[in-house]
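Single-structure report; data block below.
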Amino acid sequence: MQVNDKNNEIAHDNKDSTNNQKLRTFDVIIIGSGPAGYTAATYTSRAKLKTLIITGSLPGGQLMTTSEVENYPGFPNGIFGPELMMNMRQQAERFGSVIVDDEVIEVDFKKKPFFVKTYSTEYLSNAILVCTGATPRKLGIVGEDEFGGRGVSYCATCDGPFFKGEEIAVVGGGDTALEEATFLTKFGKSVKLIHRRNALKASKILQEKSFENPKIQFMWDSTITKIKGNKKISTISVKNVNTSEEQELDVGGLFIAIGHEPNTKIFKNQLEMDDHGYIVLKENSRTSVEGVFAAGDVHDFRYRQAVTAAGYGCMAALDVEKWLTENKTNNNKL
């Protein structure tokens with residue numbers, strides 16, 4: 001596992017727990033990066049808290065695989081996702097955050113100080129902020145990764161305006177799929193909703209609205225087998241699961257709405273989570289463990305926007321600062 005060059009010396013020196021104890025202990029460890037993690041780090045570092053960010057397997061999160069972001073405040077002409085994340089990262093570093101490109105493989109939140117282990121180093125901290133986000137479920141078909149950000153999207157609110165006048169397809173049968181299909185009718189010439197069953201799982205009211213919308217066409221008992229194109233998506237292959245008949249459709253955009261998986265497996269038996277694996281918040285950004293906080297898509301299954309993730313990161317950072325101040329006597333034991 002590679003480590004950020006700037007902090008490479010820190011990560012390796014930390015192996016010497018006797019001589020470098022101060023290097024491996026922090027006031028707050030932020031697990032995960034992206035808008036929530038980087039925003040939180042900017043706030044905690046400006047508050048003079050010794051802050052470590054462990055970025056995870058994809059430093060910067062989902063926006064690192066996004067092309068242009070048009071709905072983040074402050075950029076009237078839009079900004080590329082990776083550029084936005086690098087700007088946020090540099091801002092956090094400017095105020096003193098230590099950023100390590102590594103992945104957490106073990107945590108222990110059942111005793112204090114909290115223990116966090118990565119592939120290369122072990123750390124201790126008075127407070128933890130979980131910002132590991134969520135990952136869109138994929139179809140796992142030919143062309144999906146190739147055309148990600150080039151016609152294949154997992155967020156209609158984020159990317160819908162890019163597809164004005166296009167033929168659009170949406171995959172899914174739940175509330176999210178119908179909400180996204182309805183939203184996309186504002187931009188697309190038509191929207192085909194492709195579902196592997198002959199009945200939807202979405203709420204009745206959403207179904208009724210979708211059935212009444214003349215721009216939404218339903219393709220039942222169908223799955224997508226292949227995505228093709230040149231520089232961007234141009235066609236999808238759709239197969240009927242009952243007859244095995246396959247047809248090719250011209251589309252300018254494909255939105256996959258089959259759910260998200262919160263990146264929380266490592267916190268099993270450590271933090272309270274709901275039935276879908278999202279972290280449950282008790283008060284503001286506090287989790288079920290005193291001193292452990294969460295921000296962003298790791299608990300937010302409703303909005304899932306970069307700007308809301310950043311907002312949650314700000315709120316969590318302020319909660320962390322307040323909690324550390326209130327518990328200063330106990331935390332000085334670290």
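Residues are referred to by chain and number: the chain letter is A, B, ... according to the order shown in the structure tokens, the number counts from 1 in that chain, and ligands are numbered separately from 1 in the order shown.
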
Could you list, as number ranges by chain, every residue within 9 Å of range 142-148 of chain A, counting only C-alpha atoms and ignoring same-chain residues fewer than 3 positions away?
A: 65-66, 138-139, 151-154, 225-229, 231-233

Looking only at strand (DSSP E or B) from DSSP on the backbone, list the matching residues of range 167-200 of chain A as a CSV table (one decimal) with C-alpha atoms, in the first residue's frame.
chain,number,residue,atom,x,y,z
A,167,GLU,CA,-32.5,9.4,-25.2
A,168,ILE,CA,-31.9,8.2,-21.6
A,169,ALA,CA,-32.2,4.8,-19.9
A,170,VAL,CA,-32.6,4.2,-16.2
A,171,VAL,CA,-32.0,0.8,-14.6
A,190,SER,CA,-37.5,10.2,-23.5
A,191,VAL,CA,-36.6,8.0,-20.5
A,192,LYS,CA,-36.7,4.2,-20.7
A,193,LEU,CA,-36.9,2.5,-17.3
A,194,ILE,CA,-35.5,-1.0,-17.5

Between A:Leu49, A:Pro113, A:Thr42, A:Phe162, which is the closest to Glu68 in chain A once you count only C-alpha atoms?
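Going through A:Leu49, A:Pro113, A:Thr42, A:Phe162 one by one, the smallest distance to Glu68 in chain A is for A:Phe162.
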
Contact table range 218-237 of chain A vs range 245-256 of chain A, cut-off 7 Å, shortest pair per residue, only C-alpha atoms, as a tab-separated table:
residue	atom	partner	partner_atom	distance
A:Ile233	CA	A:Gly252	CA	6.1
A:Ser234	CA	A:Val251	CA	5.4
A:Thr235	CA	A:Asp250	CA	4.5
A:Ile236	CA	A:Leu249	CA	5.4
A:Ser237	CA	A:Glu248	CA	4.5

Using only C-alpha atoms, what table do you get, as a Markdown table, when you list each residue of range 12-94 of chain A with an atom no more than 6 Å from range 288-311 of chain A, its nearest pair of atoms, and their distance in Å rounded to one decimal, rows by chain then rising number?
| residue | atom | partner | partner_atom | distance |
| --- | --- | --- | --- | --- |
| A:Pro35 | CA | A:Ala310 | CA | 4.8 |
| A:Ala36 | CA | A:Ala310 | CA | 4.4 |
| A:Thr39 | CA | A:Ala310 | CA | 5.7 |

Residue with smallest distance to Val116 in chain A - pool A:Arg24, A:Lys204, A:Lys164, A:Arg137, counting only C-alpha atoms:
A:Arg24

Between CA of Met219 in chain A and CA of Ile205 in chain A, what distance in Å does the model show, to one decimal?
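Computed distance, CA of Met219 in chain A to CA of Ile205 in chain A, equals 19.5 Å.
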
Gly174 in chain A surroundings by only C-alpha atoms, 7 Å radius, close-in-sequence under 5 positions cut, as a ChimeraX atom specification
/A:200-202

What would the file look like if the residues just selected were written as a CSV table (one decimal), in the first residue's frame with C-alpha atoms?
chain,number,residue,atom,x,y,z
A,200,LEU,CA,-41.9,-2.3,-9.4
A,201,LYS,CA,-40.7,-2.2,-5.8
A,202,ALA,CA,-41.3,1.5,-5.5

Compare A:Asp101, A:Glu93, A:Glu70, A:Asp27 by their minimum atom-to-atom distance to Tyr123 in chain A, counting only C-alpha atoms, and give me the closest one.
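Once distances to Tyr123 in chain A are computed over only C-alpha atoms, the minimum belongs to A:Asp27.
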
Alpha helix (DSSP H) call set, DSSP backbone run, range 38-140 of chain A, as an mmCIF file with N, CA and C atoms, in the first residue's frame:
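Ended up saving to result-v7.cif:
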data_model
loop_
_atom_site.group_PDB
_atom_site.id
_atom_site.type_symbol
_atom_site.label_atom_id
_atom_site.label_comp_id
_atom_site.auth_asym_id
_atom_site.auth_seq_id
_atom_site.Cartn_x
_atom_site.Cartn_y
_atom_site.Cartn_z
ATOM 1 N N TYR A 38 -12.393 15.844 3.928
ATOM 2 C CA TYR A 38 -11.494 16.979 3.729
ATOM 3 C C TYR A 38 -12.046 18.252 4.384
ATOM 4 N N THR A 39 -13.361 18.456 4.293
ATOM 5 C CA THR A 39 -13.952 19.630 4.941
ATOM 6 C C THR A 39 -13.779 19.544 6.453
ATOM 7 N N ALA A 40 -14.063 18.380 7.016
ATOM 8 C CA ALA A 40 -13.904 18.195 8.460
ATOM 9 C C ALA A 40 -12.470 18.468 8.884
ATOM 10 N N ALA A 41 -11.511 17.976 8.110
ATOM 11 C CA ALA A 41 -10.099 18.156 8.461
ATOM 12 C C ALA A 41 -9.702 19.629 8.442
ATOM 13 N N THR A 42 -10.235 20.375 7.494
ATOM 14 C CA THR A 42 -9.947 21.810 7.449
ATOM 15 C C THR A 42 -10.410 22.486 8.729
ATOM 16 N N TYR A 43 -11.591 22.115 9.206
ATOM 17 C CA TYR A 43 -12.135 22.711 10.424
ATOM 18 C C TYR A 43 -11.372 22.270 11.669
ATOM 19 N N THR A 44 -11.092 20.977 11.792
ATOM 20 C CA THR A 44 -10.400 20.512 13.001
ATOM 21 C C THR A 44 -8.965 21.024 13.047
ATOM 22 N N SER A 45 -8.314 21.090 11.907
ATOM 23 C CA SER A 45 -6.936 21.588 11.883
ATOM 24 C C SER A 45 -6.876 23.069 12.213
ATOM 25 N N ARG A 46 -7.837 23.843 11.684
ATOM 26 C CA ARG A 46 -7.886 25.276 12.009
ATOM 27 C C ARG A 46 -8.175 25.494 13.492
ATOM 28 N N GLY A 81 -14.338 16.905 -11.020
ATOM 29 C CA GLY A 81 -14.364 16.267 -9.718
ATOM 30 C C GLY A 81 -12.993 16.078 -9.090
ATOM 31 N N PRO A 82 -12.025 15.483 -9.819
ATOM 32 C CA PRO A 82 -10.684 15.300 -9.234
ATOM 33 C C PRO A 82 -10.021 16.618 -8.836
ATOM 34 N N GLU A 83 -10.251 17.664 -9.635
ATOM 35 C CA GLU A 83 -9.661 18.964 -9.305
ATOM 36 C C GLU A 83 -10.260 19.523 -8.019
ATOM 37 N N LEU A 84 -11.577 19.378 -7.861
ATOM 38 C CA LEU A 84 -12.240 19.838 -6.644
ATOM 39 C C LEU A 84 -11.686 19.110 -5.424
ATOM 40 N N MET A 85 -11.490 17.809 -5.553
ATOM 41 C CA MET A 85 -10.990 17.024 -4.425
ATOM 42 C C MET A 85 -9.540 17.377 -4.098
ATOM 43 N N MET A 86 -8.734 17.617 -5.115
ATOM 44 C CA MET A 86 -7.346 18.006 -4.854
ATOM 45 C C MET A 86 -7.283 19.368 -4.181
ATOM 46 N N ASN A 87 -8.181 20.284 -4.582
ATOM 47 C CA ASN A 87 -8.230 21.594 -3.929
ATOM 48 C C ASN A 87 -8.586 21.445 -2.450
ATOM 49 N N MET A 88 -9.581 20.595 -2.165
ATOM 50 C CA MET A 88 -9.981 20.369 -0.777
ATOM 51 C C MET A 88 -8.857 19.731 0.023
ATOM 52 N N ARG A 89 -8.170 18.803 -0.590
ATOM 53 C CA ARG A 89 -7.055 18.117 0.084
ATOM 54 C C ARG A 89 -5.961 19.118 0.438
ATOM 55 N N GLN A 90 -5.593 19.963 -0.523
ATOM 56 C CA GLN A 90 -4.539 20.944 -0.297
ATOM 57 C C GLN A 90 -4.940 21.954 0.771
ATOM 58 N N GLN A 91 -6.231 22.281 0.816
ATOM 59 C CA GLN A 91 -6.712 23.214 1.833
ATOM 60 C C GLN A 91 -6.559 22.612 3.230
ATOM 61 N N ALA A 92 -6.902 21.340 3.361
ATOM 62 C CA ALA A 92 -6.746 20.670 4.658
ATOM 63 C C ALA A 92 -5.268 20.598 5.058
ATOM 64 N N GLU A 93 -4.402 20.285 4.086
ATOM 65 C CA GLU A 93 -2.966 20.212 4.363
ATOM 66 C C GLU A 93 -2.405 21.575 4.765
ATOM 67 N N ARG A 94 -2.929 22.615 4.150
ATOM 68 C CA ARG A 94 -2.466 23.974 4.443
ATOM 69 C C ARG A 94 -2.597 24.304 5.926
#

A:Phe95, A:Phe80, A:Phe218, A:Phe267 ranked by distance to Thr287 in chain A, top pick (using only C-alpha atoms)
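Selected residue with least distance to Thr287 in chain A: A:Phe267.
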